[in-house]
Amino acid sequence: MKKIILTGDRPTGRLHVGHYVGSLKRRVELQNSGEYDEIYIMIADAQALTDNFDNPEKVRKNISEVALDYMSCGLDPSKSTLFVQSYISELTELTFYYMNLVTLSRLKRNPTVKSEISMRGFNTSIPVGFFTYPISQAADITAFKATTVPVGEDQLPMIEQTREIVRSFNSTYDEVLVEPNVLLPDNQACMRLPGIDGKAKMSKSLGNCIYLSDSPEDIRKKVMSMYTDPDHIRIEDPGKLEGNTVFTYLDAFCNDEHFANHLPDYSCLAELKEHYTKGGLGDVKVKKFLYAVLMEELDPIRLRREELAKDIPAVMEILKEGSIKAREVAANTLSEVKAAMQINYFE
Ligand code: TRP
């Protein structure tokens, strides 16, 4: 069986370092591993509209921003198909047929949807489109017969829902769809990188993100203002690692080579942590190191991004070509689905 990847992001803002360690970096590695037959990376604009239907400008503006973030991180349109969800109308058709296979109570149990409903204040009036987006996500995945979906852990309920739809479809009609497997980040710190304020999630509305497109000066300021251990007041004080954002970022980003290059007094992160918890190591020193590590990783990305941003029409052309190609694949799956459902009358 072919090994096929599908994943994507909602275009509601530029991508940040949480996206980078949580998924972008891994996608590039998977792309370059040569182990996959097909890779589809989708800009999920239709899904973004399920909770931003009244703000189409925001979604539109971020299509090219997200594409720039993708390509500057190393996603290569000659190896991965980059496309825009709304162009593939077959996805909407699949969604409609899958709706028959899902109950209202099953949708209500989806923990990600539940928490998003309360976060968005939809408690009293939930838009139906938003409520059913897990079904549309199942269409995204199955249209490409994806075997592997690399995502963050918050997306687990979506993959579980997809697997249920696949099993239900295949047993009700015919073996057409493929059950996908999830691929989570392997580093715990990468699973959910906190914002610079130490809050659980990086989010644009909280203003606590470091973006891939941030200037070195912005990143420096953000790192210097990062939340650490509020009880670590004097350098001699023993410091706590738990909930200490600077160390969480180091867990996500740094390797032993970074120490050799930027902080040769220590050989590895474990040594740095030991000194910090014992006392005698100031926050500023650790933050400067983190800044150097982030620069090493992010500077090449930012420079590539600036280069690519000079020609937005070329970026849009890449998305258009990818979308045309993706649409053919989805159309094939849709005809198989319709045949299995016996609604292919005129063939
Ligand atoms: N729900 C994903 C997010 O919020 C985006 C997405 C839409 C997606 N369709 C997908 C991810 C299919 C993986 C597979 O980031």
# chains A, B, ... in the order shown; residues from 1 in each chain; ligands from 1
call {"tool": "closest_atom_pairs", "arguments": {"of": "chain A", "to": "ligand 1", "cutoff": "6 Å", "atoms": "only C-alpha atoms and all ligand atoms", "output": "tab-separated table"}}
result
residue	atom	partner	partner_atom_place_in_ligand_line	distance
A:Leu6	CA	ligand 1	14 (C)	5.8
A:Thr7	CA	ligand 1	13 (C)	3.8
A:Gly8	CA	ligand 1	11 (C)	4.3
A:Asp9	CA	ligand 1	15 (O)	4.1
A:Arg10	CA	ligand 1	5 (C)	5.2
A:Ala44	CA	ligand 1	7 (C)	5.1
A:Gln137	CA	ligand 1	9 (N)	4.5
A:Asp140	CA	ligand 1	12 (C)	5.3
A:Ile141	CA	ligand 1	12 (C)	5.4
call {"tool": "select_by_dssp", "arguments": {"residues": "region 69-299 of chain A", "states": "strand (DSSP E)", "output": "list of chain:residue names"}}
result
A:Thr81, A:Leu82, A:Phe83, A:Val84, A:Thr148, A:Val149, A:Pro150, A:Asn181, A:Val182, A:Leu183
call {"tool": "write_last_selection", "arguments": {"atoms": "all heavy atoms", "output": "PDB file, in the first residue's frame"}}
result
ATOM      1  N   THR A  81       2.711  18.390  -2.323  1.00  0.00           N
ATOM      2  CA  THR A  81       1.670  19.181  -2.981  1.00  0.00           C
ATOM      3  C   THR A  81       1.079  20.153  -1.974  1.00  0.00           C
ATOM      4  O   THR A  81       0.459  19.746  -0.992  1.00  0.00           O
ATOM      5  CB  THR A  81       0.578  18.238  -3.525  1.00  0.00           C
ATOM      6  OG1 THR A  81       1.212  17.278  -4.386  1.00  0.00           O
ATOM      7  CG2 THR A  81      -0.477  19.011  -4.303  1.00  0.00           C
ATOM      8  N   LEU A  82       1.282  21.434  -2.216  1.00  0.00           N
ATOM      9  CA  LEU A  82       0.720  22.459  -1.335  1.00  0.00           C
ATOM     10  C   LEU A  82      -0.561  22.959  -1.986  1.00  0.00           C
ATOM     11  O   LEU A  82      -0.546  23.350  -3.152  1.00  0.00           O
ATOM     12  CB  LEU A  82       1.705  23.625  -1.161  1.00  0.00           C
ATOM     13  CG  LEU A  82       3.151  23.277  -0.787  1.00  0.00           C
ATOM     14  CD1 LEU A  82       3.991  24.549  -0.650  1.00  0.00           C
ATOM     15  CD2 LEU A  82       3.195  22.494   0.512  1.00  0.00           C
ATOM     16  N   PHE A  83      -1.669  22.934  -1.249  1.00  0.00           N
ATOM     17  CA  PHE A  83      -2.926  23.336  -1.892  1.00  0.00           C
ATOM     18  C   PHE A  83      -3.888  24.020  -0.936  1.00  0.00           C
ATOM     19  O   PHE A  83      -3.701  24.020   0.276  1.00  0.00           O
ATOM     20  CB  PHE A  83      -3.577  22.127  -2.573  1.00  0.00           C
ATOM     21  CG  PHE A  83      -4.179  21.122  -1.620  1.00  0.00           C
ATOM     22  CD1 PHE A  83      -5.538  21.135  -1.340  1.00  0.00           C
ATOM     23  CD2 PHE A  83      -3.394  20.153  -1.018  1.00  0.00           C
ATOM     24  CE1 PHE A  83      -6.106  20.208  -0.471  1.00  0.00           C
ATOM     25  CE2 PHE A  83      -3.947  19.220  -0.150  1.00  0.00           C
ATOM     26  CZ  PHE A  83      -5.302  19.253   0.121  1.00  0.00           C
ATOM     27  N   VAL A  84      -4.929  24.592  -1.532  1.00  0.00           N
ATOM     28  CA  VAL A  84      -5.929  25.344  -0.771  1.00  0.00           C
ATOM     29  C   VAL A  84      -7.231  24.537  -0.722  1.00  0.00           C
ATOM     30  O   VAL A  84      -7.782  24.141  -1.758  1.00  0.00           O
ATOM     31  CB  VAL A  84      -6.179  26.719  -1.425  1.00  0.00           C
ATOM     32  CG1 VAL A  84      -7.235  27.494  -0.648  1.00  0.00           C
ATOM     33  CG2 VAL A  84      -4.881  27.531  -1.491  1.00  0.00           C
ATOM     34  N   THR A 148      -1.012   8.518   6.867  1.00  0.00           N
ATOM     35  CA  THR A 148      -0.303   9.141   7.979  1.00  0.00           C
ATOM     36  C   THR A 148      -0.692  10.613   8.081  1.00  0.00           C
ATOM     37  O   THR A 148      -0.607  11.336   7.091  1.00  0.00           O
ATOM     38  CB  THR A 148       1.218   9.052   7.729  1.00  0.00           C
ATOM     39  OG1 THR A 148       1.551   7.696   7.428  1.00  0.00           O
ATOM     40  CG2 THR A 148       2.006   9.529   8.929  1.00  0.00           C
ATOM     41  N   VAL A 149      -1.112  11.001   9.274  1.00  0.00           N
ATOM     42  CA  VAL A 149      -1.486  12.397   9.484  1.00  0.00           C
ATOM     43  C   VAL A 149      -0.635  12.978  10.618  1.00  0.00           C
ATOM     44  O   VAL A 149      -0.897  12.720  11.788  1.00  0.00           O
ATOM     45  CB  VAL A 149      -2.989  12.524   9.825  1.00  0.00           C
ATOM     46  CG1 VAL A 149      -3.408  13.985   9.910  1.00  0.00           C
ATOM     47  CG2 VAL A 149      -3.843  11.801   8.791  1.00  0.00           C
ATOM     48  N   PRO A 150       0.406  13.715  10.276  1.00  0.00           N
ATOM     49  CA  PRO A 150       1.242  14.307  11.322  1.00  0.00           C
ATOM     50  C   PRO A 150       0.588  15.573  11.868  1.00  0.00           C
ATOM     51  O   PRO A 150       0.411  16.536  11.133  1.00  0.00           O
ATOM     52  CB  PRO A 150       2.561  14.659  10.602  1.00  0.00           C
ATOM     53  CG  PRO A 150       2.351  14.379   9.152  1.00  0.00           C
ATOM     54  CD  PRO A 150       0.914  14.034   8.924  1.00  0.00           C
ATOM     55  N   ASN A 181      -3.351   6.799  10.238  1.00  0.00           N
ATOM     56  CA  ASN A 181      -2.693   6.783  11.542  1.00  0.00           C
ATOM     57  C   ASN A 181      -2.188   8.179  11.862  1.00  0.00           C
ATOM     58  O   ASN A 181      -1.776   8.913  10.966  1.00  0.00           O
ATOM     59  CB  ASN A 181      -1.504   5.819  11.523  1.00  0.00           C
ATOM     60  CG  ASN A 181      -1.978   4.393  11.441  1.00  0.00           C
ATOM     61  OD1 ASN A 181      -2.761   3.937  12.275  1.00  0.00           O
ATOM     62  ND2 ASN A 181      -1.539   3.701  10.403  1.00  0.00           N
ATOM     63  N   VAL A 182      -2.183   8.496  13.159  1.00  0.00           N
ATOM     64  CA  VAL A 182      -1.691   9.808  13.559  1.00  0.00           C
ATOM     65  C   VAL A 182      -0.186   9.701  13.826  1.00  0.00           C
ATOM     66  O   VAL A 182       0.311   8.642  14.221  1.00  0.00           O
ATOM     67  CB  VAL A 182      -2.461  10.295  14.810  1.00  0.00           C
ATOM     68  CG1 VAL A 182      -2.063   9.523  16.039  1.00  0.00           C
ATOM     69  CG2 VAL A 182      -2.270  11.775  15.027  1.00  0.00           C
ATOM     70  N   LEU A 183       0.519  10.769  13.571  1.00  0.00           N
ATOM     71  CA  LEU A 183       1.934  10.823  13.905  1.00  0.00           C
ATOM     72  C   LEU A 183       2.155  12.053  14.784  1.00  0.00           C
ATOM     73  O   LEU A 183       2.052  13.184  14.319  1.00  0.00           O
ATOM     74  CB  LEU A 183       2.755  10.927  12.609  1.00  0.00           C
ATOM     75  CG  LEU A 183       4.249  10.735  12.710  1.00  0.00           C
ATOM     76  CD1 LEU A 183       4.598   9.347  13.222  1.00  0.00           C
ATOM     77  CD2 LEU A 183       4.903  10.954  11.346  1.00  0.00           C
TER      78      LEU A 183
END
call {"tool": "atom_distance", "arguments": {"atom1": "CA of Arg327 (chain A)", "atom2": "CA of Ile88 (chain A)"}}
result
5.3 Å
call {"tool": "atom_distance", "arguments": {"atom1": "CA of Ala252 (chain A)", "atom2": "CA of Arg26 (chain A)"}}
result
12.5 Å
call {"tool": "closest_residue", "arguments": {"among": "A:Tyr249, A:Tyr227, A:Phe130, A:Tyr97", "to": "Asp197 (chain A)", "atoms": "only C-alpha atoms"}}
result
A:Tyr227
call {"tool": "closest_atom_pairs", "arguments": {"of": "region 118-163 of chain A", "to": "region 198-221 of chain A", "cutoff": "12 Å", "atoms": "only C-alpha atoms", "output": "Markdown table"}}
result
| residue | atom | partner | partner_atom | distance |
| --- | --- | --- | --- | --- |
| A:Met119 | CA | A:Ser205 | CA | 11.6 |
| A:Arg120 | CA | A:Ser205 | CA | 11.7 |
| A:Asp154 | CA | A:Lys201 | CA | 11.1 |
call {"tool": "write_last_selection", "arguments": {"atoms": "all heavy atoms", "output": "PDB file, in the first residue's frame"}}
result
ATOM      1  N   MET A 119     -14.156  28.291  24.282  1.00  0.00           N
ATOM      2  CA  MET A 119     -13.175  29.353  24.023  1.00  0.00           C
ATOM      3  C   MET A 119     -13.751  30.469  23.144  1.00  0.00           C
ATOM      4  O   MET A 119     -13.428  31.633  23.304  1.00  0.00           O
ATOM      5  CB  MET A 119     -11.966  28.766  23.296  1.00  0.00           C
ATOM      6  CG  MET A 119     -10.685  28.770  24.087  1.00  0.00           C
ATOM      7  SD  MET A 119      -9.478  27.673  23.294  1.00  0.00           S
ATOM      8  CE  MET A 119      -9.379  28.352  21.647  1.00  0.00           C
ATOM      9  N   ARG A 120     -14.593  30.080  22.191  1.00  0.00           N
ATOM     10  CA  ARG A 120     -15.140  31.057  21.260  1.00  0.00           C
ATOM     11  C   ARG A 120     -16.461  31.647  21.722  1.00  0.00           C
ATOM     12  O   ARG A 120     -17.094  32.403  20.993  1.00  0.00           O
ATOM     13  CB  ARG A 120     -15.310  30.417  19.880  1.00  0.00           C
ATOM     14  CG  ARG A 120     -13.990  30.263  19.148  1.00  0.00           C
ATOM     15  CD  ARG A 120     -14.108  29.307  17.992  1.00  0.00           C
ATOM     16  NE  ARG A 120     -12.831  29.122  17.325  1.00  0.00           N
ATOM     17  CZ  ARG A 120     -11.772  28.527  17.843  1.00  0.00           C
ATOM     18  NH1 ARG A 120     -11.824  28.086  19.090  1.00  0.00           N
ATOM     19  NH2 ARG A 120     -10.663  28.388  17.151  1.00  0.00           N
ATOM     20  N   ASP A 154      -3.758  17.901  19.998  1.00  0.00           N
ATOM     21  CA  ASP A 154      -5.114  18.445  20.034  1.00  0.00           C
ATOM     22  C   ASP A 154      -5.950  17.931  18.860  1.00  0.00           C
ATOM     23  O   ASP A 154      -7.173  18.035  18.877  1.00  0.00           O
ATOM     24  CB  ASP A 154      -5.089  19.983  20.026  1.00  0.00           C
ATOM     25  CG  ASP A 154      -4.458  20.532  18.755  1.00  0.00           C
ATOM     26  OD1 ASP A 154      -3.439  19.977  18.296  1.00  0.00           O
ATOM     27  OD2 ASP A 154      -4.997  21.513  18.195  1.00  0.00           O
TER      28      ASP A 154
END
call {"tool": "residues_around", "arguments": {"residues": "Ala189 (chain A)", "least_positions_apart": "3", "cutoff": "10 Å", "atoms": "only C-alpha atoms", "output": "ChimeraX atom specification"}}
result
/A:18,21-22,185-186,192-194,247-253
call {"tool": "write_last_selection", "arguments": {"atoms": "C-alpha atoms", "output": "mmCIF file, in the first residue's frame"}}
result
data_model
loop_
_atom_site.group_PDB
_atom_site.id
_atom_site.type_symbol
_atom_site.label_atom_id
_atom_site.label_comp_id
_atom_site.auth_asym_id
_atom_site.auth_seq_id
_atom_site.Cartn_x
_atom_site.Cartn_y
_atom_site.Cartn_z
ATOM 1 C CA GLY A 18 4.877 26.331 18.229
ATOM 2 C CA VAL A 21 8.525 22.459 16.572
ATOM 3 C CA GLY A 22 5.087 20.855 16.812
ATOM 4 C CA PRO A 185 5.706 14.922 17.803
ATOM 5 C CA ASP A 186 8.181 12.680 19.642
ATOM 6 C CA ARG A 192 2.404 22.060 23.128
ATOM 7 C CA LEU A 193 4.929 24.819 23.272
ATOM 8 C CA PRO A 194 3.673 27.458 25.731
ATOM 9 C CA PHE A 247 13.716 25.804 29.765
ATOM 10 C CA THR A 248 10.672 24.425 27.971
ATOM 11 C CA TYR A 249 11.863 26.208 24.827
ATOM 12 C CA LEU A 250 15.368 24.856 25.329
ATOM 13 C CA ASP A 251 13.882 21.368 25.668
ATOM 14 C CA ALA A 252 12.155 21.890 22.341
ATOM 15 C CA PHE A 253 14.966 23.568 20.436
#
call {"tool": "residues_around", "arguments": {"residues": "region 302-316 of chain A", "least_positions_apart": "6", "cutoff": "12 Å", "atoms": "only C-alpha atoms", "output": "VMD selection string"}}
result
chain A and resid 14 to 17 60 to 77 82 to 84 211 to 216 219 294 to 296 322 to 323
call {"tool": "write_last_selection", "arguments": {"atoms": "C-alpha atoms", "output": "short mmCIF file (atom, residue, chain, number, x, y, z; two decimals), in the first residue's frame"}}
result
data_model
loop_
_atom_site.label_atom_id
_atom_site.label_comp_id
_atom_site.auth_asym_id
_atom_site.auth_seq_id
_atom_site.Cartn_x
_atom_site.Cartn_y
_atom_site.Cartn_z
CA ARG A 14 1.20 33.66 10.41
CA LEU A 15 2.73 30.46 11.76
CA HIS A 16 4.78 30.58 14.95
CA VAL A 17 7.52 28.55 16.62
CA ARG A 60 -7.74 35.55 2.54
CA LYS A 61 -4.76 37.55 3.77
CA ASN A 62 -3.23 34.56 5.49
CA ILE A 63 -3.25 32.17 2.52
CA SER A 64 0.02 33.51 1.16
CA GLU A 65 1.43 34.08 4.66
CA VAL A 66 1.02 30.41 5.53
CA ALA A 67 2.37 29.35 2.13
CA LEU A 68 5.44 31.51 2.77
CA ASP A 69 5.87 29.94 6.21
CA TYR A 70 5.64 26.46 4.67
CA MET A 71 8.17 27.05 1.95
CA SER A 72 10.61 28.99 4.09
CA CYS A 73 10.74 26.05 6.52
CA GLY A 74 11.69 23.74 3.68
CA LEU A 75 8.44 22.32 2.35
CA ASP A 76 9.28 21.95 -1.29
CA PRO A 77 6.48 22.14 -3.88
CA LEU A 82 0.72 22.46 -1.34
CA PHE A 83 -2.93 23.34 -1.89
CA VAL A 84 -5.93 25.34 -0.77
CA TYR A 211 6.44 34.10 14.73
CA LEU A 212 8.66 32.57 12.07
CA SER A 213 8.57 35.95 10.36
CA ASP A 214 9.62 37.95 13.48
CA SER A 215 12.73 40.10 13.18
CA PRO A 216 15.78 39.18 15.29
CA ILE A 219 12.67 37.74 19.01
CA LEU A 294 16.57 30.37 18.25
CA MET A 295 18.58 32.58 15.91
CA GLU A 296 20.56 29.63 14.63
CA GLY A 322 -0.97 22.21 -6.21
CA SER A 323 -4.71 22.72 -5.90
#
call {"tool": "residues_around", "arguments": {"residues": "Val128 (chain A)", "least_positions_apart": "3", "cutoff": "12 Å", "atoms": "only C-alpha atoms", "output": "PyMOL selection string"}}
result
chain A and resi 50-51+53+99+104+107-108+113+117+122+125+131-136
call {"tool": "select_by_dssp", "arguments": {"residues": "region 154-280 of chain A", "states": "alpha helix (DSSP H)", "output": "PyMOL selection string"}}
result
chain A and resi 156-172+188-191+216-224+245-253+256-262+269-278
call {"tool": "closest_residue", "arguments": {"among": "A:Asp237, A:Asp265, A:Gly243, A:Leu272", "to": "Gly195 (chain A)", "atoms": "only C-alpha atoms"}}
result
A:Gly243
call {"tool": "residues_around", "arguments": {"residues": "Ser89 (chain A)", "least_positions_apart": "5", "cutoff": "12 Å", "atoms": "only C-alpha atoms", "output": "MDAnalysis selection string"}}
result
chainID A and resid 46 84 94:96 136 139:140 143 323:324 326:331 334
call {"tool": "write_last_selection", "arguments": {"atoms": "N, CA, C and O atoms", "output": "PDB file, in the first residue's frame"}}
result
ATOM      1  N   ALA A  46     -11.378  26.675   4.249  1.00  0.00           N
ATOM      2  CA  ALA A  46     -12.805  26.415   4.487  1.00  0.00           C
ATOM      3  C   ALA A  46     -13.029  26.106   5.966  1.00  0.00           C
ATOM      4  O   ALA A  46     -14.007  26.572   6.567  1.00  0.00           O
ATOM      5  N   VAL A  84      -4.929  24.592  -1.532  1.00  0.00           N
ATOM      6  CA  VAL A  84      -5.929  25.344  -0.771  1.00  0.00           C
ATOM      7  C   VAL A  84      -7.231  24.537  -0.722  1.00  0.00           C
ATOM      8  O   VAL A  84      -7.782  24.141  -1.758  1.00  0.00           O
ATOM      9  N   LEU A  94     -17.915  15.094  -0.207  1.00  0.00           N
ATOM     10  CA  LEU A  94     -17.617  13.954   0.677  1.00  0.00           C
ATOM     11  C   LEU A  94     -18.167  14.220   2.079  1.00  0.00           C
ATOM     12  O   LEU A  94     -18.770  13.334   2.700  1.00  0.00           O
ATOM     13  N   THR A  95     -17.966  15.438   2.554  1.00  0.00           N
ATOM     14  CA  THR A  95     -18.451  15.800   3.891  1.00  0.00           C
ATOM     15  C   THR A  95     -19.943  15.517   4.016  1.00  0.00           C
ATOM     16  O   THR A  95     -20.407  14.936   4.997  1.00  0.00           O
ATOM     17  N   PHE A  96     -20.686  15.894   2.989  1.00  0.00           N
ATOM     18  CA  PHE A  96     -22.134  15.723   3.030  1.00  0.00           C
ATOM     19  C   PHE A  96     -22.519  14.246   3.163  1.00  0.00           C
ATOM     20  O   PHE A  96     -23.399  13.885   3.941  1.00  0.00           O
ATOM     21  N   SER A 136     -15.764  17.286   8.138  1.00  0.00           N
ATOM     22  CA  SER A 136     -15.078  17.822   6.965  1.00  0.00           C
ATOM     23  C   SER A 136     -13.589  17.490   7.014  1.00  0.00           C
ATOM     24  O   SER A 136     -12.951  17.234   5.987  1.00  0.00           O
ATOM     25  N   ALA A 139     -13.130  14.212   5.607  1.00  0.00           N
ATOM     26  CA  ALA A 139     -13.142  14.270   4.142  1.00  0.00           C
ATOM     27  C   ALA A 139     -11.759  14.672   3.618  1.00  0.00           C
ATOM     28  O   ALA A 139     -11.236  14.075   2.676  1.00  0.00           O
ATOM     29  N   ASP A 140     -11.130  15.665   4.267  1.00  0.00           N
ATOM     30  CA  ASP A 140      -9.791  16.096   3.848  1.00  0.00           C
ATOM     31  C   ASP A 140      -8.823  14.913   3.828  1.00  0.00           C
ATOM     32  O   ASP A 140      -8.045  14.730   2.894  1.00  0.00           O
ATOM     33  N   ALA A 143     -10.028  11.834   1.350  1.00  0.00           N
ATOM     34  CA  ALA A 143     -10.022  12.151  -0.088  1.00  0.00           C
ATOM     35  C   ALA A 143      -8.669  11.797  -0.705  1.00  0.00           C
ATOM     36  O   ALA A 143      -8.584  11.480  -1.884  1.00  0.00           O
ATOM     37  N   SER A 323      -3.278  22.923  -6.098  1.00  0.00           N
ATOM     38  CA  SER A 323      -4.714  22.717  -5.902  1.00  0.00           C
ATOM     39  C   SER A 323      -5.323  21.950  -7.074  1.00  0.00           C
ATOM     40  O   SER A 323      -6.186  21.092  -6.886  1.00  0.00           O
ATOM     41  N   ILE A 324      -4.861  22.250  -8.286  1.00  0.00           N
ATOM     42  CA  ILE A 324      -5.364  21.537  -9.469  1.00  0.00           C
ATOM     43  C   ILE A 324      -5.010  20.051  -9.365  1.00  0.00           C
ATOM     44  O   ILE A 324      -5.837  19.169  -9.596  1.00  0.00           O
ATOM     45  N   ALA A 326      -4.244  18.364  -6.569  1.00  0.00           N
ATOM     46  CA  ALA A 326      -4.951  17.761  -5.432  1.00  0.00           C
ATOM     47  C   ALA A 326      -6.404  17.467  -5.798  1.00  0.00           C
ATOM     48  O   ALA A 326      -6.981  16.460  -5.395  1.00  0.00           O
ATOM     49  N   ARG A 327      -6.971  18.351  -6.592  1.00  0.00           N
ATOM     50  CA  ARG A 327      -8.378  18.190  -6.945  1.00  0.00           C
ATOM     51  C   ARG A 327      -8.607  16.913  -7.755  1.00  0.00           C
ATOM     52  O   ARG A 327      -9.626  16.228  -7.580  1.00  0.00           O
ATOM     53  N   GLU A 328      -7.663  16.598  -8.624  1.00  0.00           N
ATOM     54  CA  GLU A 328      -7.811  15.360  -9.413  1.00  0.00           C
ATOM     55  C   GLU A 328      -7.843  14.135  -8.511  1.00  0.00           C
ATOM     56  O   GLU A 328      -8.621  13.207  -8.723  1.00  0.00           O
ATOM     57  N   VAL A 329      -6.991  14.145  -7.508  1.00  0.00           N
ATOM     58  CA  VAL A 329      -6.935  13.008  -6.584  1.00  0.00           C
ATOM     59  C   VAL A 329      -8.255  12.890  -5.815  1.00  0.00           C
ATOM     60  O   VAL A 329      -8.841  11.800  -5.708  1.00  0.00           O
ATOM     61  N   ALA A 330      -8.734  14.029  -5.314  1.00  0.00           N
ATOM     62  CA  ALA A 330      -9.982  14.018  -4.543  1.00  0.00           C
ATOM     63  C   ALA A 330     -11.156  13.602  -5.429  1.00  0.00           C
ATOM     64  O   ALA A 330     -12.064  12.894  -4.982  1.00  0.00           O
ATOM     65  N   ALA A 331     -11.121  14.022  -6.691  1.00  0.00           N
ATOM     66  CA  ALA A 331     -12.215  13.673  -7.607  1.00  0.00           C
ATOM     67  C   ALA A 331     -12.261  12.167  -7.842  1.00  0.00           C
ATOM     68  O   ALA A 331     -13.342  11.567  -7.922  1.00  0.00           O
ATOM     69  N   LEU A 334     -13.806  10.626  -4.819  1.00  0.00           N
ATOM     70  CA  LEU A 334     -15.252  10.901  -4.800  1.00  0.00           C
ATOM     71  C   LEU A 334     -15.989   9.969  -5.762  1.00  0.00           C
ATOM     72  O   LEU A 334     -17.065   9.461  -5.422  1.00  0.00           O
TER      73      LEU A 334
END
call {"tool": "closest_residue", "arguments": {"among": "A:His275, A:Phe289, A:Val337, A:Glu236", "to": "Phe259 (chain A)", "atoms": "only C-alpha atoms"}}
result
A:Phe289
call {"tool": "atom_distance", "arguments": {"atom1": "CA of Tyr276 (chain A)", "atom2": "CA of Ile235 (chain A)"}}
result
9.1 Å
call {"tool": "residues_around", "arguments": {"residues": "Asn344 (chain A)", "least_positions_apart": "5", "cutoff": "9 Å", "atoms": "only C-alpha atoms", "output": "ChimeraX atom specification"}}
result
/A:335,338-339
call {"tool": "write_last_selection", "arguments": {"atoms": "N, CA and C atoms", "output": "CSV table (one decimal), in the first residue's frame"}}
result
chain,number,residue,atom,x,y,z
A,335,SER,N,-15.4,9.7,-6.9
A,335,SER,CA,-16.2,8.8,-7.8
A,335,SER,C,-16.2,7.4,-7.3
A,338,LYS,N,-18.9,7.5,-4.6
A,338,LYS,CA,-20.3,7.5,-5.2
A,338,LYS,C,-20.7,6.2,-5.8
A,339,ALA,N,-19.7,5.5,-6.4
A,339,ALA,CA,-20.0,4.2,-6.9
A,339,ALA,C,-20.3,3.2,-5.8
call {"tool": "decode", "arguments": {"residues": "region 295-307 of chain A", "atoms": "C-alpha atoms", "output": "PDB file, in the first residue's frame"}}
result
ATOM      1  CA  MET A 295      18.576  32.580  15.909  1.00  0.00           C
ATOM      2  CA  GLU A 296      20.565  29.628  14.635  1.00  0.00           C
ATOM      3  CA  GLU A 297      17.356  27.809  13.812  1.00  0.00           C
ATOM      4  CA  LEU A 298      15.102  30.669  12.726  1.00  0.00           C
ATOM      5  CA  ASP A 299      17.391  33.097  10.937  1.00  0.00           C
ATOM      6  CA  PRO A 300      17.762  31.012   7.761  1.00  0.00           C
ATOM      7  CA  ILE A 301      13.989  30.535   7.718  1.00  0.00           C
ATOM      8  CA  ARG A 302      13.326  34.256   8.012  1.00  0.00           C
ATOM      9  CA  LEU A 303      15.832  35.102   5.289  1.00  0.00           C
ATOM     10  CA  ARG A 304      14.277  32.559   2.917  1.00  0.00           C
ATOM     11  CA  ARG A 305      10.870  33.926   3.776  1.00  0.00           C
ATOM     12  CA  GLU A 306      11.880  37.483   2.927  1.00  0.00           C
ATOM     13  CA  GLU A 307      13.248  36.277  -0.398  1.00  0.00           C
TER      14      GLU A 307
END
